[in-house]
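S.K.: Handing over coords01.txt, compact mmCIF, C-alpha atoms.
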# COMPACT_ATOMS: atom_id res chain seq x y z
CA MET A 1 0.00 0.00 0.00
CA ARG A 2 1.30 3.40 -0.88
CA ALA A 3 1.95 5.96 1.84
CA HIS A 4 -0.76 8.35 0.66
CA GLN A 5 -3.34 5.53 0.73
CA LEU A 6 -2.34 4.66 4.28
CA GLU A 7 -2.64 8.31 5.26
CA THR A 8 -6.17 8.41 3.86
CA THR A 9 -7.13 5.27 5.76
CA LEU A 10 -5.70 6.59 9.05
CA ARG A 11 -7.52 9.87 8.55
CA LEU A 12 -10.84 8.08 7.92
CA LEU A 13 -10.32 6.02 11.07
CA GLY A 14 -9.53 9.13 13.11
CA LEU A 15 -6.08 7.79 14.05
CA SER A 16 -4.34 11.16 14.06
CA GLY A 17 -1.62 9.98 16.44
CA MET A 18 -0.48 7.46 13.84
CA LEU A 19 -0.98 9.97 11.04
CA ASP A 20 1.20 12.59 12.72
CA THR A 21 4.18 10.25 13.06
CA LEU A 22 3.66 8.09 9.96
CA GLU A 23 6.34 9.83 7.88
CA VAL A 24 8.92 9.48 10.66
CA ARG A 25 8.08 5.81 11.23
CA LEU A 26 8.20 5.04 7.50
CA GLY A 27 11.61 6.67 7.36
CA GLN A 28 12.80 4.52 10.24
CA ALA A 29 11.46 1.41 8.52
CA ASP A 30 13.13 2.31 5.22
CA ALA A 31 16.41 2.82 7.08
CA GLY A 32 16.12 -0.63 8.60
CA GLU A 33 15.65 0.72 12.12
CA LEU A 34 12.21 -0.88 12.49
CA GLY A 35 11.00 -4.31 11.48
CA HIS A 36 7.40 -4.97 10.47
CA VAL A 37 6.19 -5.69 14.01
CA GLU A 38 8.21 -2.84 15.50
CA PHE A 39 6.83 -0.45 12.89
CA LEU A 40 3.24 -1.37 13.81
CA GLN A 41 4.02 -1.30 17.54
CA SER A 42 5.54 2.18 17.26
CA LEU A 43 2.52 3.52 15.40
CA CYS A 44 0.16 2.04 17.99
CA GLU A 45 2.18 3.61 20.81
CA ASP A 46 2.04 6.96 19.02
CA GLU A 47 -1.74 6.70 18.88
CA LEU A 48 -1.96 5.76 22.56
CA ALA A 49 0.24 8.74 23.46
CA ARG A 50 -2.11 11.07 21.56
CA HIS A 51 -5.14 9.60 23.34
CA ASP A 52 -3.46 9.98 26.73
CA ALA A 53 -2.53 13.61 26.01
CA ALA A 54 -6.04 14.41 24.84
CA ALA A 55 -7.54 12.76 27.94
CA ILE A 56 -5.34 14.89 30.20
CA VAL A 57 -6.49 18.03 28.43
CA ARG A 58 -10.13 16.99 28.92
CA ARG A 59 -9.63 16.26 32.62
CA VAL A 60 -7.80 19.55 33.23
CA ARG A 61 -10.56 21.46 31.42
CA ALA A 62 -13.26 19.67 33.44
CA ALA A 63 -11.47 20.49 36.71
CA HIS A 64 -12.11 24.25 36.24
CA PHE A 65 -8.81 25.34 37.77
CA GLU A 66 -8.32 29.08 38.16
CA GLN A 67 -4.85 28.60 36.73
CA THR A 68 -3.04 25.61 35.28
CA CYS A 69 0.10 24.98 37.26
CA ALA A 70 2.40 22.17 38.28
CA ILE A 71 4.44 21.44 41.38
CA GLU A 72 7.63 22.06 39.42
CA ASP A 73 6.41 25.62 38.68
CA TYR A 74 6.44 26.59 42.36
CA ASP A 75 9.56 28.36 43.60
CA PHE A 76 10.02 26.93 47.08
CA SER A 77 13.08 29.12 47.61
CA PHE A 78 10.83 32.20 47.88
CA ASN A 79 9.52 30.95 51.24
CA PRO A 80 12.06 28.53 52.76
CA LYS A 81 9.71 27.82 55.69
CA ILE A 82 7.29 25.95 53.43
CA PRO A 83 7.86 22.17 53.77
CA ALA A 84 8.90 21.45 50.19
CA ALA A 85 9.76 17.80 50.85
CA ARG A 86 6.30 17.05 52.26
CA ILE A 87 4.57 18.77 49.36
CA ARG A 88 6.68 16.92 46.80
CA ASP A 89 5.81 13.70 48.61
CA LEU A 90 2.11 14.56 48.28
CA ALA A 91 2.70 15.04 44.55
CA THR A 92 3.35 11.29 44.30
CA LEU A 93 -0.42 11.02 44.91
CA ARG A 94 -0.19 8.20 47.41
CA PHE A 95 -2.78 10.14 49.40
CA VAL A 96 -5.23 9.82 46.49
CA GLU A 97 -4.63 6.09 46.21
CA ALA A 98 -5.35 5.81 49.94
CA GLY A 99 -8.42 8.08 49.79
CA GLU A 100 -6.83 10.54 52.24
CA SER A 101 -7.27 14.30 52.50
CA VAL A 102 -4.87 17.24 52.51
CA VAL A 103 -5.28 20.47 54.46
CA LEU A 104 -3.08 23.39 53.39
CA HIS A 105 -3.34 26.20 55.95
CA GLY A 106 -1.51 29.45 56.54
CA PRO A 107 -1.66 33.21 55.92
CA VAL A 108 -2.87 34.86 52.74
CA GLY A 109 -0.61 34.95 49.70
CA VAL A 110 1.87 32.16 50.45
CA GLY A 111 0.68 29.90 47.63
CA LYS A 112 -1.87 27.54 49.21
CA THR A 113 -4.25 27.77 46.28
CA MET A 114 -1.46 27.27 43.76
CA ILE A 115 -0.19 24.14 45.54
CA ALA A 116 -3.74 22.78 45.83
CA GLN A 117 -4.29 23.28 42.10
CA ALA A 118 -0.86 21.80 41.32
CA LEU A 119 -1.80 18.65 43.25
CA GLY A 120 -5.08 18.56 41.34
CA HIS A 121 -3.26 19.01 38.04
CA GLN A 122 -0.90 16.17 38.93
CA ALA A 123 -3.92 13.97 39.64
CA CYS A 124 -5.36 14.85 36.21
CA ARG A 125 -2.09 13.80 34.62
CA ARG A 126 -2.32 10.46 36.45
CA GLY A 127 -5.81 9.72 35.17
CA TYR A 128 -7.95 10.92 38.11
CA ASN A 129 -11.02 13.11 37.72
CA VAL A 130 -10.63 16.37 39.66
CA VAL A 131 -12.84 19.37 40.44
CA PHE A 132 -11.63 22.69 41.86
CA THR A 133 -14.01 25.20 43.44
CA LYS A 134 -14.27 27.89 46.04
CA THR A 135 -16.04 26.49 49.09
CA SER A 136 -18.57 29.32 48.98
CA ARG A 137 -19.54 28.40 45.40
CA LEU A 138 -20.03 24.75 46.27
CA LEU A 139 -22.26 25.65 49.21
CA ALA A 140 -24.23 28.12 47.05
CA ASP A 141 -24.72 25.42 44.41
CA LEU A 142 -26.02 22.91 46.96
CA ALA A 143 -28.29 25.58 48.45
CA GLY A 144 -29.76 26.17 44.99
CA GLY A 145 -30.58 22.48 44.86
CA HIS A 146 -32.85 22.82 47.87
CA ALA A 147 -34.77 25.53 46.04
CA ASP A 148 -35.34 23.71 42.75
CA ARG A 149 -35.36 20.12 44.05
CA THR A 150 -32.13 19.15 42.31
CA TRP A 151 -30.14 18.83 45.54
CA GLU A 152 -29.50 15.09 45.26
CA THR A 153 -28.32 15.44 41.66
CA ARG A 154 -25.98 18.26 42.62
CA LEU A 155 -24.68 16.32 45.61
CA ARG A 156 -23.85 13.31 43.43
CA ARG A 157 -22.04 15.58 40.96
CA TRP A 158 -19.80 17.01 43.69
CA ALA A 159 -19.27 13.55 45.15
CA ARG A 160 -18.19 12.01 41.84
CA PRO A 161 -14.55 13.22 41.31
CA ALA A 162 -11.70 11.27 42.83
CA VAL A 163 -10.20 14.56 44.08
CA LEU A 164 -12.24 17.56 45.20
CA VAL A 165 -10.26 20.76 45.81
CA LEU A 166 -12.06 23.17 48.15
CA ASP A 167 -10.38 26.57 48.18
CA ASP A 168 -10.91 29.07 51.03
CA PHE A 169 -12.47 26.59 53.42
CA ALA A 170 -13.65 27.80 56.85
CA MET A 171 -13.41 31.51 56.05
CA ARG A 172 -16.55 32.29 58.03
CA ALA A 173 -19.15 30.60 60.21
CA PHE A 174 -21.40 28.05 58.50
CA THR A 175 -25.18 28.16 58.65
CA THR A 176 -27.12 25.12 59.83
CA GLU A 177 -28.08 24.29 56.23
CA GLN A 178 -24.49 24.66 55.02
CA SER A 179 -23.13 22.43 57.75
CA ASP A 180 -25.78 19.80 56.98
CA ASP A 181 -24.87 19.96 53.28
CA LEU A 182 -21.19 19.57 54.10
CA TYR A 183 -21.96 16.57 56.28
CA GLU A 184 -23.87 14.89 53.46
CA LEU A 185 -21.11 15.69 50.96
CA VAL A 186 -18.33 14.36 53.18
CA THR A 187 -20.35 11.22 53.88
CA GLU A 188 -21.12 10.71 50.18
CA ARG A 189 -17.43 11.12 49.35
CA ALA A 190 -16.22 8.52 51.85
CA GLY A 191 -13.02 6.93 50.57
CA LYS A 192 -12.24 9.80 48.16
CA SER A 193 -9.71 12.58 48.56
CA LEU A 194 -10.33 16.18 49.54
CA VAL A 195 -7.75 18.96 49.27
CA ALA A 196 -8.71 22.03 51.31
CA THR A 197 -7.00 25.39 51.66
CA ALA A 198 -7.68 27.56 54.70
CA ASN A 199 -6.31 30.54 56.57
CA ARG A 200 -7.13 28.79 59.86
CA ALA A 201 -5.68 25.59 61.24
CA ALA A 202 -8.17 22.70 61.42
CA SER A 203 -8.28 22.96 65.22
CA ASP A 204 -10.03 26.33 64.81
CA TRP A 205 -12.77 25.02 62.51
CA TYR A 206 -15.03 23.48 65.13
CA SER A 207 -16.36 26.80 66.44
CA LEU A 208 -17.57 27.72 62.93
CA PHE A 209 -20.31 25.08 62.99
CA PRO A 210 -23.61 25.79 64.79
CA ASN A 211 -24.03 22.16 65.88
CA ALA A 212 -21.14 20.56 67.76
CA VAL A 213 -22.26 17.03 66.90
CA VAL A 214 -22.40 17.78 63.17
CA ALA A 215 -19.05 19.56 63.39
CA GLU A 216 -17.45 16.55 65.04
CA SER A 217 -18.97 14.21 62.44
CA ILE A 218 -17.69 16.30 59.53
CA LEU A 219 -14.26 17.08 60.85
CA ASP A 220 -13.66 13.56 62.14
CA ARG A 221 -13.94 12.41 58.53
CA VAL A 222 -11.95 15.29 57.03
CA VAL A 223 -9.36 16.21 59.66
CA ASN A 224 -8.40 12.95 61.32
CA GLY A 225 -5.95 11.11 59.12
CA ALA A 226 -5.49 14.10 56.78
CA HIS A 227 -2.10 15.47 55.80
CA HIS A 228 -1.83 18.89 57.46
CA ILE A 229 0.63 21.24 55.79
CA HIS A 230 1.34 24.58 57.44
CA MET A 231 2.46 27.09 54.82
CA ASP A 232 4.06 30.17 56.31
CA GLY A 233 6.18 33.04 55.11
CA LYS A 234 5.91 36.26 53.17
CA SER A 235 3.14 36.92 50.68
CA TYR A 236 3.99 36.82 47.00
CA ARG A 237 1.02 39.00 46.10
CA PRO A 238 2.78 42.39 46.46
CA ASN A 239 4.96 41.32 43.51
CA LYS A 240 1.81 41.13 41.38
CA ARG A 241 0.64 44.67 42.07
CA PRO A 242 0.63 47.05 39.07
CA GLY A 243 3.96 48.83 38.90
CA ALA A 244 5.73 46.34 41.14
CA PRO A 245 9.32 45.58 40.07
CA GLU A 246 9.93 42.33 38.27
CA SER A 247 11.29 39.72 40.66
CA GLY A 248 12.74 37.47 37.97
CA GLU A 249 11.48 34.50 39.91
CA LYS A 250 9.04 31.77 38.95
CA LYS A 251 5.34 32.37 39.24
CA LYS A 252 3.79 31.52 42.58
Please re-express this file's structure in structure tokens.

M.R.:
Amino acid sequence: MRAHQLETTLRLLGLSGMLDTLEVRLGQADAGELGHVEFLQSLCEDELARHDAAAIVRRVRAAHFEQTCAIEDYDFSFNPKIPAARIRDLATLRFVEAGESVVLHGPVGVGKTMIAQALGHQACRRGYNVVFTKTSRLLADLAGGHADRTWETRLRRWARPAVLVLDDFAMRAFTTEQSDDLYELVTERAGKSLVATANRAASDWYSLFPNAVVAESILDRVVNGAHHIHMDGKSYRPNKRPGAPESGEKKK
């Protein structure tokens, strides 16, 4: 079969990964670098690589990150107090495999949200479904479900991803309805990972719930056994102000 006929066939089959590398693989075969089986194997691997890359793009898009970032993009030297080794260990995603949670807490501007999104992005690259949201938006969405009788559908949607990233958790006191919704969500997500960012340490969360029993039920599931990472140091945000001098450092 001539090359142009093979190209037409691959295009009709939607095998663009093979199509993109066909010329290179044919050249390798002509040069004697690939036998018949190796030639076919290489083309199949090219197609699988394209599928994997496309799947990552879909998962990252579905996660709704505020910014796409990776652990390697974070400049740990900017704040030496931040436990870089522990964060890099979390990036191995053993916590996701174990269904454990992560709590990133510390002052404003030190990079909690960026690290949380970087962990989520790493999970997307490893094949996990991830969703990122502000905690206030999640609670508002569940509250809307009470009004239009879609609460159970919305709860299942938030419970579905392997990793749920809740940004700005425990910023203010929860209402009774919000705490009940959180309890149902945490219960529904049993065995799945949660990554939460907060300005307060988890020990200060209990007083934010109107019902002590509900608070204990929620936080027992989220806090106990979670990886608690205290992120401290100077804020990077002043470097982002209009007119601020360029730091020459990596984006935080």

S.K.: Hey, which of A:Gly120, A:Gly145, A:Gly14, A:Gly127 ends up closest to Ile71 in chain A? Count all atoms listed in the file.

M.R.: A:Gly120

S.K.: Compile the contact shell of Tyr183 in chain A as a tab-separated table (two decimals) with C-alpha atoms, in the coordinates of the input: residues with an atom at most 10 Å away, counting all atoms listed in the file, same-chain residues fewer than 5 positions apart removed.

M.R.:
chain	number	residue	atom	x	y	z
A	177	GLU	CA	-28.08	24.29	56.23
A	178	GLN	CA	-24.49	24.66	55.02
A	188	GLU	CA	-21.12	10.71	50.18
A	189	ARG	CA	-17.43	11.12	49.35
A	214	VAL	CA	-22.40	17.78	63.17
A	215	ALA	CA	-19.05	19.56	63.39
A	216	GLU	CA	-17.45	16.55	65.04
A	217	SER	CA	-18.97	14.21	62.44
A	218	ILE	CA	-17.69	16.30	59.53
A	219	LEU	CA	-14.26	17.08	60.85
A	221	ARG	CA	-13.94	12.41	58.53

S.K.: In file coordinates, which residues lie within 12 Å of (-27.5, 23.9, 57.2) using all atoms listed in the file, given as a PyMOL selection string?

M.R.: chain A and resi 139-140+142-143+146+173-184+209-211+214-215

S.K.: For CA of Met171 in chain A and CA of Asn199 in chain A, quote the distance in Å rounded to one decimal.

M.R.: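 Computing it gives 7.2 Å between the two atoms.
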
S.K.: Could you list, as a PyMOL selection string, every residue within 10 Å of Asp232 in chain A, counting all atoms listed in the file and ignoring same-chain residues fewer than 2 positions away?

M.R.: chain A and resi 79-83+105-112+229-230+234-235

S.K.: Rounded to one decimal, what separation in Å do you get between CA of Ala53 in chain A and CA of Arg125 in chain A?

M.R.: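 Between these atoms lies a distance of 8.6 Å.
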
S.K.: So, with all atoms listed in the file as the atoms that count, which of A:Arg88, A:Arg61, A:His36, A:Arg50 lies closest to Asn129 in chain A?

M.R.: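 Closest to Asn129 in chain A, using all atoms listed in the file: A:Arg61.
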
S.K.: My list of candidates is A:Val213, A:Leu26, A:Val165, A:Leu138. Which is closest to Glu38 in chain A when distances are computed with only C-alpha atoms?

M.R.: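 Among the listed residues, A:Leu26 lies closest to Glu38 in chain A.
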
S.K.: Would you kindly identify which residues have an atom no farther than 12 Å from (-11.6, 13.3, 40.7), using only C-alpha atoms and the file's own coordinates, and write them out as a CSV table (one decimal) with C-alpha atoms, in the coordinates of the input?

M.R.:
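Generated output (point.csv):
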chain,number,residue,atom,x,y,z
A,59,ARG,CA,-9.6,16.3,32.6
A,60,VAL,CA,-7.8,19.6,33.2
A,62,ALA,CA,-13.3,19.7,33.4
A,63,ALA,CA,-11.5,20.5,36.7
A,64,HIS,CA,-12.1,24.2,36.2
A,96,VAL,CA,-5.2,9.8,46.5
A,97,GLU,CA,-4.6,6.1,46.2
A,99,GLY,CA,-8.4,8.1,49.8
A,119,LEU,CA,-1.8,18.6,43.2
A,120,GLY,CA,-5.1,18.6,41.3
A,121,HIS,CA,-3.3,19.0,38.0
A,122,GLN,CA,-0.9,16.2,38.9
A,123,ALA,CA,-3.9,14.0,39.6
A,124,CYS,CA,-5.4,14.8,36.2
A,125,ARG,CA,-2.1,13.8,34.6
A,126,ARG,CA,-2.3,10.5,36.4
A,127,GLY,CA,-5.8,9.7,35.2
A,128,TYR,CA,-8.0,10.9,38.1
A,129,ASN,CA,-11.0,13.1,37.7
A,130,VAL,CA,-10.6,16.4,39.7
A,131,VAL,CA,-12.8,19.4,40.4
A,132,PHE,CA,-11.6,22.7,41.9
A,157,ARG,CA,-22.0,15.6,41.0
A,158,TRP,CA,-19.8,17.0,43.7
A,159,ALA,CA,-19.3,13.6,45.2
A,160,ARG,CA,-18.2,12.0,41.8
A,161,PRO,CA,-14.6,13.2,41.3
A,162,ALA,CA,-11.7,11.3,42.8
A,163,VAL,CA,-10.2,14.6,44.1
A,164,LEU,CA,-12.2,17.6,45.2
A,165,VAL,CA,-10.3,20.8,45.8
A,189,ARG,CA,-17.4,11.1,49.4
A,191,GLY,CA,-13.0,6.9,50.6
A,192,LYS,CA,-12.2,9.8,48.2
A,193,SER,CA,-9.7,12.6,48.6
A,194,LEU,CA,-10.3,16.2,49.5
A,195,VAL,CA,-7.8,19.0,49.3

S.K.: Ranking A:Leu155, A:Ala196, A:Ala201, A:Val186 by minimum distance to Asp220 in chain A and counting only C-alpha atoms, which one comes first?

M.R.: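 So, comparing all the options, the nearest one is A:Val186.
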
S.K.: Which of these, A:Arg25, A:Arg58, A:His51, A:His227, has the shortest distance to Phe95 in chain A once you count all atoms listed in the file?

M.R.: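 Using all atoms listed in the file, Phe95 in chain A sits closest to A:His227.
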
S.K.: Measure the distance from CA of Asp46 in chain A to CA of Leu19 in chain A in Å and round it to one decimal.

M.R.: 9.0 Å

S.K.: Please provide as a short mmCIF file (atom, residue, chain, number, x, y, z; two decimals) with C-alpha atoms, keeping the file's coordinate frame all residues within 7 Å of Asp168 in chain A, with the sequence filter that same-chain residues fewer than 4 positions apart are discarded (counting only C-alpha atoms).

M.R.:
data_model
loop_
_atom_site.label_atom_id
_atom_site.label_comp_id
_atom_site.auth_asym_id
_atom_site.auth_seq_id
_atom_site.Cartn_x
_atom_site.Cartn_y
_atom_site.Cartn_z
CA LYS A 134 -14.27 27.89 46.04
CA THR A 135 -16.04 26.49 49.09
CA THR A 197 -7.00 25.39 51.66
CA ALA A 198 -7.68 27.56 54.70
#

S.K.: I'd like to know which of A:Ser42, A:Gln28, A:Gln117, A:Thr153 is closest to Asp73 in chain A, using only C-alpha atoms.

M.R.: A:Gln117
